[in-house]
$ cat target_26.tsv   # TSV, C-alpha atoms
chain	number	residue	atom	x	y	z
A	7	MET	CA	-30.07	15.88	38.16
A	8	ALA	CA	-32.89	13.33	38.28
A	9	GLU	CA	-35.88	13.96	36.07
A	10	GLN	CA	-38.86	15.33	37.98
A	11	LYS	CA	-41.80	12.95	38.14
A	12	ARG	CA	-45.21	13.93	36.78
A	13	ASP	CA	-48.25	13.98	39.00
A	14	TYR	CA	-49.74	10.47	39.16
A	15	TYR	CA	-53.27	11.73	38.51
A	16	GLU	CA	-52.00	13.61	35.46
A	17	VAL	CA	-50.21	10.48	34.21
A	18	LEU	CA	-53.42	8.43	34.29
A	19	GLY	CA	-55.56	11.33	33.13
A	20	VAL	CA	-58.01	11.12	36.05
A	21	ASP	CA	-59.37	13.54	38.61
A	22	LYS	CA	-58.15	13.47	42.21
A	23	ASN	CA	-61.63	12.39	43.25
A	24	ALA	CA	-61.63	9.44	40.83
A	25	ASP	CA	-62.76	6.15	42.35
A	26	GLU	CA	-61.02	2.79	42.08
A	27	ALA	CA	-62.97	1.75	38.98
A	28	ALA	CA	-62.07	4.96	37.09
A	29	ILE	CA	-58.40	4.62	38.01
A	30	LYS	CA	-58.33	1.00	36.89
A	31	LYS	CA	-60.08	1.81	33.62
A	32	ALA	CA	-57.64	4.62	32.85
A	33	TYR	CA	-54.62	2.43	33.54
A	34	ARG	CA	-56.02	-0.43	31.46
A	35	VAL	CA	-56.14	1.85	28.42
A	36	LEU	CA	-52.59	3.13	28.91
A	37	ALA	CA	-51.17	-0.31	29.69
A	38	LYS	CA	-52.64	-1.77	26.53
A	39	LYS	CA	-51.36	1.14	24.48
A	40	TYR	CA	-47.79	1.25	25.80
A	41	HIS	CA	-47.05	-2.32	26.90
A	42	PRO	CA	-43.54	-3.35	25.69
A	43	ASP	CA	-44.85	-6.60	24.19
A	44	MET	CA	-47.08	-4.53	21.93
A	45	ASN	CA	-44.37	-1.98	21.19
A	46	PRO	CA	-41.16	-4.03	20.80
A	47	GLY	CA	-38.04	-1.89	20.77
A	48	ASP	CA	-39.94	1.35	21.46
A	49	LYS	CA	-38.11	2.96	24.39
A	50	GLU	CA	-40.54	5.86	24.64
A	51	ALA	CA	-43.52	3.46	24.93
A	52	GLU	CA	-41.63	1.46	27.58
A	53	LYS	CA	-40.97	4.64	29.53
A	54	LYS	CA	-44.65	5.67	29.43
A	55	PHE	CA	-45.70	2.17	30.44
A	56	LYS	CA	-43.43	2.26	33.51
A	57	GLU	CA	-44.73	5.70	34.42
A	58	ALA	CA	-48.38	4.62	34.14
A	59	SER	CA	-47.72	1.39	36.07
A	60	GLU	CA	-46.07	3.28	38.92
A	61	ALA	CA	-48.99	5.71	39.08
A	62	TYR	CA	-51.49	2.87	39.12
A	63	ALA	CA	-49.57	0.93	41.79
A	64	VAL	CA	-49.91	3.94	44.10
A	65	LEU	CA	-53.39	5.20	43.31
A	66	SER	CA	-54.98	1.73	43.30
A	67	ASP	CA	-53.78	1.09	46.86
A	68	PRO	CA	-55.91	3.05	49.39
A	69	GLU	CA	-53.06	3.48	51.89
A	70	LYS	CA	-50.49	4.49	49.27
A	71	LYS	CA	-53.03	6.85	47.72
A	72	ARG	CA	-53.61	8.48	51.10
A	73	GLN	CA	-49.87	8.96	51.60
A	74	TYR	CA	-49.43	10.35	48.10
A	75	ASP	CA	-52.31	12.79	48.52
A	76	GLN	CA	-50.67	14.06	51.73
A	77	PHE	CA	-46.95	14.05	50.91
A	78	GLY	CA	-46.73	13.64	47.13
A	79	HIS	CA	-43.77	11.78	45.61
A	80	ALA	CA	-41.75	12.33	48.78
A	81	ALA	CA	-43.81	9.62	50.49
A	82	PHE	CA	-42.06	6.95	48.41
A	83	GLU	CA	-38.52	8.24	48.02
A	84	GLY	CA	-35.97	5.53	48.74
A	85	GLY	CA	-38.52	2.74	48.21
A	86	ALA	CA	-37.22	-0.77	47.95
A	87	GLY	CA	-36.58	-2.59	44.65
A	88	GLY	CA	-38.82	-2.27	41.67
A	89	PHE	CA	-38.38	-0.05	38.67
A	90	GLY	CA	-36.63	3.23	39.38
A	91	GLY	CA	-36.55	2.43	43.08
A	92	PHE	CA	-40.33	1.87	43.30
A	93	ASP	CA	-41.85	-1.23	44.89
A	94	PHE	CA	-44.53	-2.91	42.73
A	95	SER	CA	-44.89	-6.00	44.90
A	96	SER	CA	-48.25	-5.05	46.40
A	97	ALA	CA	-49.89	-3.91	43.16
A	98	ASP	CA	-52.48	-6.15	41.49
A	99	PHE	CA	-51.95	-6.23	37.71
A	100	GLY	CA	-53.28	-9.76	37.12
A	101	ASP	CA	-56.65	-9.20	35.50
A	102	ILE	CA	-55.45	-6.20	33.50
A	103	PHE	CA	-52.52	-8.04	31.95
A	104	GLY	CA	-54.72	-11.07	31.40
A	105	ASP	CA	-56.99	-8.95	29.22
A	106	ILE	CA	-54.03	-7.41	27.42
A	107	PHE	CA	-52.37	-10.71	26.61
A	108	GLY	CA	-55.71	-12.26	25.74
A	109	ASP	CA	-56.26	-9.59	23.09
A	110	PHE	CA	-52.67	-9.70	21.91
A	111	PHE	CA	-52.34	-13.48	21.58
A	112	GLY	CA	-55.89	-14.20	20.44
A	113	GLY	CA	-56.95	-15.82	23.70
A	114	GLY	CA	-58.62	-14.26	26.66
A	115	ARG	CA	-59.19	-14.70	30.32
A	116	ARG	CA	-62.18	-16.85	31.14
A	117	SER	CA	-63.82	-17.47	34.43
A	118	GLY	CA	-66.29	-20.02	35.67
A	119	ARG	CA	-66.72	-23.41	34.12
A	120	GLY	CA	-65.25	-24.17	30.73
A	121	SER	CA	-67.01	-23.94	27.42
A	122	SER	CA	-67.56	-27.71	27.56
A	123	GLY	CA	-70.73	-27.07	29.58
A	124	PRO	CA	-74.23	-26.76	28.06
A	125	MET	CA	-74.50	-23.83	25.68
A	126	LYS	CA	-77.62	-22.35	24.11
A	127	GLY	CA	-77.79	-22.47	20.32
A	128	ALA	CA	-77.48	-19.38	18.16
A	129	ASN	CA	-80.53	-17.33	17.24
A	130	ILE	CA	-81.74	-17.34	13.63
A	131	ARG	CA	-82.96	-14.15	11.97
A	132	THR	CA	-85.33	-13.93	9.04
A	133	SER	CA	-88.01	-11.55	7.73
A	134	VAL	CA	-91.57	-11.64	6.46
A	135	ARG	CA	-93.52	-9.12	4.37
A	136	ILE	CA	-97.10	-8.26	5.25
A	137	THR	CA	-99.67	-5.70	4.10
A	138	PHE	CA	-100.73	-2.58	5.97
A	139	GLU	CA	-104.05	-4.17	6.93
A	140	GLU	CA	-102.35	-7.37	8.11
A	141	ALA	CA	-100.16	-5.29	10.42
A	142	VAL	CA	-103.25	-3.58	11.82
A	143	PHE	CA	-105.33	-6.69	12.49
A	144	GLY	CA	-102.67	-9.41	12.77
A	145	VAL	CA	-102.10	-12.42	10.54
A	146	GLU	CA	-100.61	-15.89	10.53
A	147	LYS	CA	-97.81	-16.54	8.02
A	148	GLU	CA	-96.01	-19.70	7.02
A	149	LEU	CA	-92.23	-19.51	6.58
A	150	GLU	CA	-89.97	-22.03	4.91
A	151	LEU	CA	-86.49	-22.18	6.45
A	152	THR	CA	-83.45	-24.41	6.57
A	153	LEU	CA	-83.14	-25.68	10.14
A	154	LYS	CA	-80.87	-28.14	11.89
A	155	ASP	CA	-82.11	-31.17	13.80
A	156	GLU	CA	-80.34	-33.86	15.76
A	157	CYS	CA	-78.87	-36.53	13.49
A	158	ALA	CA	-81.00	-39.68	13.71
A	159	SER	CA	-78.00	-41.96	13.11
A	160	CYS	CA	-75.68	-40.72	15.88
A	161	HIS	CA	-78.32	-39.02	18.08
A	162	GLY	CA	-76.34	-35.80	18.05
A	163	SER	CA	-73.01	-37.24	19.21
A	164	GLY	CA	-71.32	-36.79	15.83
A	165	ALA	CA	-69.64	-40.19	16.20
A	166	LYS	CA	-70.10	-43.14	13.90
A	167	PRO	CA	-72.84	-45.52	15.15
A	168	GLY	CA	-71.25	-48.04	17.51
A	169	THR	CA	-68.56	-45.56	18.62
A	170	SER	CA	-68.49	-42.65	21.06
A	171	PRO	CA	-66.64	-39.35	21.33
A	172	GLU	CA	-63.49	-39.57	23.46
A	173	THR	CA	-62.26	-37.21	26.12
A	174	CYS	CA	-59.87	-34.65	24.66
A	175	SER	CA	-56.33	-35.51	25.74
A	176	LYS	CA	-55.09	-31.93	25.35
A	177	CYS	CA	-57.51	-30.30	27.79
A	178	GLY	CA	-58.60	-33.39	29.75
A	179	GLY	CA	-62.23	-32.76	28.85
A	180	LYS	CA	-62.31	-29.24	30.33
A	181	GLY	CA	-62.61	-27.50	26.98
A	182	GLN	CA	-59.91	-25.00	27.98
A	183	VAL	CA	-56.14	-24.95	28.07
A	184	VAL	CA	-53.90	-22.83	30.27
A	185	PHE	CA	-50.79	-21.15	28.92
A	186	THR	CA	-48.26	-18.82	30.50
A	187	GLN	CA	-46.60	-15.79	28.98
A	188	GLN	CA	-43.59	-13.88	30.24
A	189	SER	CA	-44.65	-10.30	30.70
A	190	PHE	CA	-42.93	-7.12	31.76
A	191	PHE	CA	-43.79	-7.95	35.37
A	192	GLY	CA	-43.20	-11.68	35.26
A	193	THR	CA	-45.31	-14.68	34.32
A	194	VAL	CA	-48.94	-14.14	33.37
A	195	ARG	CA	-51.38	-17.06	33.33
A	196	ASN	CA	-54.03	-17.11	30.60
A	197	VAL	CA	-56.83	-19.44	29.53
A	198	GLN	CA	-57.89	-20.27	25.96
A	199	THR	CA	-60.45	-22.49	24.28
A	200	CYS	CA	-58.88	-25.84	23.52
A	201	PRO	CA	-57.86	-25.88	19.83
A	202	ASP	CA	-58.23	-29.66	19.52
A	203	CYS	CA	-61.82	-30.01	20.68
A	204	ASN	CA	-62.99	-26.39	20.14
A	205	GLY	CA	-64.11	-26.19	23.73
A	206	THR	CA	-66.35	-29.28	23.72
A	207	GLY	CA	-64.00	-31.40	25.79
A	208	LYS	CA	-64.59	-34.29	23.37
A	209	VAL	CA	-62.78	-35.53	20.27
A	210	ILE	CA	-64.49	-37.58	17.54
A	211	LYS	CA	-62.15	-40.04	15.84
A	212	ASP	CA	-64.75	-41.89	13.74
A	213	LYS	CA	-67.27	-39.35	12.42
A	214	CYS	CA	-70.86	-40.19	11.61
A	215	PRO	CA	-71.18	-40.59	7.81
A	216	ASP	CA	-74.62	-38.96	7.74
A	217	CYS	CA	-73.85	-35.70	9.58
A	218	HIS	CA	-70.05	-35.76	9.04
A	219	GLY	CA	-69.42	-35.36	12.75
A	220	SER	CA	-71.57	-32.27	13.31
A	221	GLY	CA	-74.33	-34.19	15.10
A	222	TYR	CA	-77.00	-32.34	13.13
A	223	ILE	CA	-78.82	-32.66	9.79
A	224	ALA	CA	-80.10	-29.55	7.96
A	225	SER	CA	-83.46	-29.69	6.20
A	226	ARG	CA	-86.14	-27.36	4.86
A	227	LYS	CA	-89.06	-26.88	7.22
A	228	LYS	CA	-92.28	-24.91	7.27
A	229	ILE	CA	-92.96	-22.89	10.40
A	230	LYS	CA	-96.10	-20.90	11.17
A	231	VAL	CA	-95.64	-17.53	12.83
A	232	SER	CA	-98.45	-15.52	14.37
A	233	ILE	CA	-98.05	-11.80	13.68
A	234	PRO	CA	-99.87	-9.86	16.43
A	235	ALA	CA	-102.32	-7.05	15.66
A	236	GLY	CA	-100.70	-3.62	15.90
A	237	ILE	CA	-97.17	-4.62	14.96
A	238	ASP	CA	-95.16	-1.91	13.21
A	239	ASN	CA	-92.61	-1.97	10.44
A	240	GLY	CA	-89.19	-3.18	11.65
A	241	GLN	CA	-90.44	-4.89	14.80
A	242	SER	CA	-89.72	-8.59	15.34
A	243	VAL	CA	-91.60	-11.63	16.55
A	244	ARG	CA	-89.60	-14.11	18.66
A	245	LEU	CA	-90.28	-17.83	18.38
A	246	ARG	CA	-88.68	-19.59	21.35
A	247	ASP	CA	-86.53	-22.68	20.74
A	248	LYS	CA	-86.83	-22.48	16.95
A	249	GLY	CA	-83.21	-21.44	16.33
A	250	GLU	CA	-79.95	-23.36	16.07
A	251	PRO	CA	-79.53	-26.44	18.28
A	252	GLY	CA	-77.55	-26.02	21.50
A	253	SER	CA	-74.35	-27.88	22.29
A	254	ASN	CA	-73.55	-30.26	25.12
A	255	GLY	CA	-77.20	-30.54	26.08
A	256	GLY	CA	-77.93	-26.82	25.86
A	257	PRO	CA	-81.32	-25.50	24.62
A	258	ARG	CA	-82.02	-24.35	21.08
A	259	GLY	CA	-81.75	-20.69	20.20
A	260	ASP	CA	-84.69	-18.56	19.10
A	261	LEU	CA	-86.09	-17.59	15.72
A	262	LEU	CA	-86.42	-13.82	15.29
A	263	VAL	CA	-88.79	-12.80	12.49
A	264	GLU	CA	-88.51	-9.16	11.41
A	265	VAL	CA	-91.77	-7.77	10.03
A	266	ILE	CA	-91.67	-5.59	6.92
A	267	VAL	CA	-94.96	-3.74	6.41
A	268	GLY	CA	-95.90	-2.67	2.87
A	269	ARG	CA	-96.98	0.88	2.08
A	270	HIS	CA	-100.66	1.74	1.73
A	271	PRO	CA	-101.87	3.96	-1.14
A	272	ILE	CA	-104.14	5.99	1.16
A	273	PHE	CA	-103.17	5.52	4.80
A	274	GLN	CA	-100.06	6.55	6.71
A	275	ARG	CA	-99.28	5.35	10.21
A	276	GLN	CA	-97.66	7.11	13.15
A	277	ASP	CA	-97.50	5.10	16.38
A	278	TYR	CA	-101.07	3.79	16.77
A	279	ASN	CA	-102.76	6.56	14.78
A	280	ILE	CA	-103.66	6.51	11.07
A	281	TYR	CA	-103.68	9.57	8.79
A	282	SER	CA	-105.32	10.13	5.41
A	283	THR	CA	-106.55	12.92	3.11
A	284	VAL	CA	-110.06	13.11	1.65
A	285	PRO	CA	-111.25	15.54	-1.09
A	286	VAL	CA	-114.42	17.55	-0.42
A	287	SER	CA	-116.38	19.35	-3.13
A	288	PHE	CA	-116.67	23.12	-3.03
A	289	ALA	CA	-120.43	22.92	-2.59
A	290	VAL	CA	-120.32	20.41	0.30
A	291	ALA	CA	-117.64	22.45	2.04
A	292	ALA	CA	-119.75	25.58	1.74
A	293	LEU	CA	-123.20	24.11	2.40
A	294	GLY	CA	-122.32	21.06	4.48
A	295	GLY	CA	-123.26	17.49	3.72
A	296	GLU	CA	-122.29	13.85	3.99
A	297	ILE	CA	-119.11	12.33	2.53
A	298	MET	CA	-117.70	8.81	2.46
A	299	ILE	CA	-114.36	8.16	4.19
A	300	ASP	CA	-112.25	5.01	3.78
A	301	THR	CA	-110.91	3.48	7.01
A	302	VAL	CA	-109.21	0.17	7.84
A	303	ASP	CA	-112.63	-0.99	9.08
A	304	GLY	CA	-114.33	-0.08	5.82
A	305	LYS	CA	-116.20	3.00	4.59
A	306	VAL	CA	-117.84	5.35	7.10
A	307	ILE	CA	-120.18	8.29	6.53
A	308	TYR	CA	-119.05	11.65	7.90
A	309	ASP	CA	-121.20	14.80	8.15
A	310	VAL	CA	-119.20	17.81	6.96
A	311	LYS	CA	-120.12	21.07	8.64
A	312	ALA	CA	-121.16	24.05	6.49
A	313	GLY	CA	-118.32	26.50	5.92
A	314	THR	CA	-115.57	23.91	6.32
A	315	GLN	CA	-112.21	25.29	5.20
A	316	THR	CA	-109.58	23.34	3.30
A	317	ASP	CA	-107.01	21.42	5.40
A	318	THR	CA	-109.49	21.00	8.22
A	319	ARG	CA	-108.56	17.89	10.23
A	320	VAL	CA	-111.24	15.66	11.72
A	321	ARG	CA	-110.84	12.76	14.13
A	322	LEU	CA	-112.42	9.35	13.85
A	323	LYS	CA	-112.01	7.98	17.35
A	324	GLY	CA	-111.00	4.34	17.73
A	325	LYS	CA	-110.43	3.80	14.00
A	326	GLY	CA	-106.65	3.56	14.29
A	327	VAL	CA	-104.23	0.70	15.04
A	328	PRO	CA	-104.74	-1.68	17.98
A	329	SER	CA	-102.22	-1.63	20.82
A	330	LEU	CA	-99.80	-4.56	20.89
A	331	ARG	CA	-100.53	-5.02	24.59
A	332	ASN	CA	-104.30	-4.85	24.29
A	333	LYS	CA	-105.93	-5.09	20.87
A	334	ASP	CA	-109.15	-3.61	22.30
A	335	ASN	CA	-107.31	-0.29	22.79
A	336	ARG	CA	-106.99	1.41	19.43
A	337	GLY	CA	-105.57	4.68	18.19
A	338	ASP	CA	-107.52	7.20	16.14
A	339	HIS	CA	-107.85	7.99	12.44
A	340	TYR	CA	-107.16	11.62	11.53
A	341	VAL	CA	-108.58	12.82	8.20
A	342	THR	CA	-107.52	16.04	6.46
A	343	LEU	CA	-110.36	17.52	4.38
A	344	VAL	CA	-109.12	19.23	1.23
A	345	VAL	CA	-111.66	21.49	-0.52
A	346	GLN	CA	-111.55	21.05	-4.29
A	347	VAL	CA	-112.08	24.13	-6.46
A	348	PRO	CA	-113.44	23.15	-9.92
A	349	ASP	CA	-111.14	24.00	-12.82
A	350	LYS	CA	-113.73	23.41	-15.59
A	351	LEU	CA	-117.12	25.13	-15.44
A	352	SER	CA	-120.07	25.27	-17.81
A	353	HIS	CA	-121.63	28.60	-18.79
A	354	GLU	CA	-124.54	27.99	-16.41
A	355	ALA	CA	-122.18	27.13	-13.57
A	356	LYS	CA	-120.23	30.32	-14.14
A	357	GLU	CA	-123.41	32.39	-13.99
A	358	LEU	CA	-124.44	30.70	-10.79
A	359	LEU	CA	-121.05	31.44	-9.24
A	360	ARG	CA	-121.35	35.09	-10.30
A	361	GLN	CA	-124.71	35.23	-8.56
A	362	PHE	CA	-123.17	33.52	-5.56
A	363	ASP	CA	-120.37	36.07	-5.56
A	364	ALA	CA	-122.86	38.91	-5.64
A	365	GLU	CA	-125.06	37.40	-2.95
A	366	THR	CA	-122.13	36.96	-0.60
A	367	GLY	CA	-121.16	40.62	-1.10
A	368	ASN	CA	-117.87	41.14	-2.89
A	369	THR	CA	-116.69	44.29	-1.08
A	370	LEU	CA	-114.07	45.15	-3.68
A	371	ASN	CA	-116.66	45.30	-6.50
A	372	ALA	CA	-119.11	47.25	-4.37
A	373	ALA	CA	-116.50	49.87	-3.60
A	374	LYS	CA	-115.46	50.26	-7.22
A	375	GLU	CA	-119.07	50.53	-8.44
A	376	ALA	CA	-119.67	53.25	-5.87
A	377	SER	CA	-116.67	55.22	-7.23
A	378	GLY	CA	-117.84	55.01	-10.87
A	379	GLU	CA	-115.56	52.15	-11.90
A	380	ALA	CA	-118.28	49.55	-12.13
A	381	GLY	CA	-118.16	49.37	-15.93
A	382	GLU	CA	-114.41	48.77	-15.94
A	383	VAL	CA	-114.77	46.12	-13.29
A	384	LYS	CA	-117.52	44.36	-15.25
A	385	ASP	CA	-115.36	44.31	-18.38
A	386	LYS	CA	-112.44	42.82	-16.47
A	387	LYS	CA	-114.70	40.21	-14.89
A	388	LYS	CA	-116.10	39.31	-18.30
A	389	LYS	CA	-112.64	38.82	-19.75
A	390	PHE	CA	-111.63	36.76	-16.73
A	391	TRP	CA	-114.61	34.37	-16.90
A	392	GLU	CA	-114.33	34.01	-20.68
A	393	ARG	CA	-110.73	32.85	-20.56

$ encode --input "target_26.tsv" --output "structure tokens"
Amino acid sequence: MAEQKRDYYEVLGVDKNADEAAIKKAYRVLAKKYHPDMNPGDKEAEKKFKEASEAYAVLSDPEKKRQYDQFGHAAFEGGAGGFGGFDFSSADFGDIFGDIFGDFFGGGRRSGRGSSGPMKGANIRTSVRITFEEAVFGVEKELELTLKDECASCHGSGAKPGTSPETCSKCGGKGQVVFTQQSFFGTVRNVQTCPDCNGTGKVIKDKCPDCHGSGYIASRKKIKVSIPAGIDNGQSVRLRDKGEPGSNGGPRGDLLVEVIVGRHPIFQRQDYNIYSTVPVSFAVAALGGEIMIDTVDGKVIYDVKAGTQTDTRVRLKGKGVPSLRNKDNRGDHYVTLVVQVPDKLSHEAKELLRQFDAETGNTLNAAKEASGEAGEVKDKKKKFWER
């Protein structure tokens, strides 16, 4: 008795409403996992690969999919040729197997023109440290980096003066070579970067003695970078065309400068707002008065309202960090006022506070004095203040 086939949707692990892209993606995963070339001698993997390939051949074809949805496996019983009586001739496995063999053999499918065309140079990454204030208002810094420039002797060709690079005989100057591989379904055509010229399409027989065939000379250079006002820690400034040189006439890469902002002893930043804490004396908090507050713009005078409680937060509008897009738009500075209670008092100060306590009406003392416990309360207060 023949083994009953599994549902094709179940085999690929997709829903019946899956579109062509989802079906292809599911099969690509299974094909790569179970392909015989990646599992030599594994009969179970070969069996699963055949099963997945049959399911994909049906579900990737709109007409076959329609027939299967209507009649199931019966729609293809007695099919011509193929594996297990199934016909694979109309199925398109080309790009999928190209990816599989590219990964397996270290190559890869490539499209478009070869890598011998102009290519942009690689980006260079570096970092610069600045202060909190420099991040707020912007600053210009000078960096010293090792950068490559075109060799003056060979003008970037890499060949000894008086000679020229020759067309690569292996790839014919295309920068790519084509190779074929026998797969489970026949011959698969793949493209790789030419190993002789590394994709340049040119071979240098007599190398320039100054640059040793690279076409470039490395040297230390000083570059000025303008750090914009409002930049935050971890953000980067991009300097166009200051990176590695391109190849085959391609442009230079970019220089990416990561900004590391130092901590401030007083200020903390969140987005474009600044936060700080300022101590306020007990008397000023109670009676009101002026205090001095440090901001990134300098000291400002703030009028504290009478009766201000500790942890009161006040807002200094427009004293925060400028916006990167428009330095005229600034955040705010939020200040938390912390009332300081004195821990050392003179005898006179203690007496004044006792008078203050009485004037403000200590309800607990008043109640106890009214109940005849005033003497006991006074003794306890005396012991407390004389500690």

$ axis_aligned_box --input "target_26.tsv" --around "stretch 350-362 of chain A" --padding-each-side "6 Å" --output "JSON"
{"center_x": -119.2, "center_y": 29.3, "center_z": -12.2, "size_x": 23.0, "size_y": 23.8, "size_z": 25.2}

$ closest_residue --input "target_26.tsv" --among "A:Gln10, A:Ser329, A:Thr152, A:Thr318" --to "A:Val344" --atoms "only C-alpha atoms"
A:Thr318

$ atom_distance --input "target_26.tsv" --atom1 "atom CA of A:Pro215" --atom2 "atom CA of A:Ile229"
28.2 Å

$ residues_around --input "target_26.tsv" --residues "stretch 138-144 of chain A" --least-positions-apart "2" --cutoff "9 Å" --atoms "all atoms listed in the file" --output "count of residues only"
21

$ residues_near_point --input "target_26.tsv" --point "(-47.7, 12.1, 34.7)" --cutoff "12 Å" --atoms "all atoms listed in the file" --output "PyMOL selection string"
chain A and resi 10-20+33+36+53-62+79

$ atom_distance --input "target_26.tsv" --atom1 "atom CA of A:Gly337" --atom2 "atom CA of A:Thr301"
12.4 Å

$ closest_residue --input "target_26.tsv" --among "A:Leu343, A:Leu293, A:Val209, A:Ile266" --to "A:Arg319" --atoms "all atoms listed in the file"
A:Leu343

$ residues_around --input "target_26.tsv" --residues "A:Met298" --least-positions-apart "3" --cutoff "8 Å" --atoms "all atoms listed in the file" --output "mmCIF file with C-alpha atoms, in the frame of the given file"
data_model
loop_
_atom_site.group_PDB
_atom_site.id
_atom_site.type_symbol
_atom_site.label_atom_id
_atom_site.label_comp_id
_atom_site.auth_asym_id
_atom_site.auth_seq_id
_atom_site.Cartn_x
_atom_site.Cartn_y
_atom_site.Cartn_z
ATOM 1 C CA LYS A 305 -116.200 3.000 4.590
ATOM 2 C CA VAL A 306 -117.840 5.350 7.100
ATOM 3 C CA ILE A 307 -120.180 8.290 6.530
ATOM 4 C CA TYR A 308 -119.050 11.650 7.900
#

$ closest_residue --input "target_26.tsv" --among "A:Cys203, A:Val263, A:Val145, A:Val286" --to "A:Ile130" --atoms "only C-alpha atoms"
A:Val263

$ atom_distance --input "target_26.tsv" --atom1 "atom CA of A:Cys200" --atom2 "atom CA of A:Ser163"
18.7 Å

$ residues_around --input "target_26.tsv" --residues "A:Arg131" --least-positions-apart "2" --cutoff "10 Å" --atoms "all atoms listed in the file" --output "list of chain:residue names"
A:Ala128, A:Asn129, A:Ser133, A:Ser242, A:Arg244, A:Gly249, A:Asp260, A:Leu261, A:Leu262, A:Val263, A:Glu264

$ write_last_selection --input "target_26.tsv" --atoms "C-alpha atoms" --output "PDB file, in the frame of the given file"
ATOM      1  CA  ALA A 128     -77.480 -19.380  18.160  1.00  0.00           C
ATOM      2  CA  ASN A 129     -80.530 -17.330  17.240  1.00  0.00           C
ATOM      3  CA  SER A 133     -88.010 -11.550   7.730  1.00  0.00           C
ATOM      4  CA  SER A 242     -89.720  -8.590  15.340  1.00  0.00           C
ATOM      5  CA  ARG A 244     -89.600 -14.110  18.660  1.00  0.00           C
ATOM      6  CA  GLY A 249     -83.210 -21.440  16.330  1.00  0.00           C
ATOM      7  CA  ASP A 260     -84.690 -18.560  19.100  1.00  0.00           C
ATOM      8  CA  LEU A 261     -86.090 -17.590  15.720  1.00  0.00           C
ATOM      9  CA  LEU A 262     -86.420 -13.820  15.290  1.00  0.00           C
ATOM     10  CA  VAL A 263     -88.790 -12.800  12.490  1.00  0.00           C
ATOM     11  CA  GLU A 264     -88.510  -9.160  11.410  1.00  0.00           C
TER      12      GLU A 264
END

$ closest_residue --input "target_26.tsv" --among "A:Val183, A:Cys160, A:Val197, A:Leu65" --to "A:Asn23" --atoms "all atoms listed in the file"
A:Leu65

$ residues_around --input "target_26.tsv" --residues "A:Ser253" --least-positions-apart "4" --cutoff "8 Å" --atoms "only C-alpha atoms" --output "PyMOL selection string"
chain A and resi 124-127+257
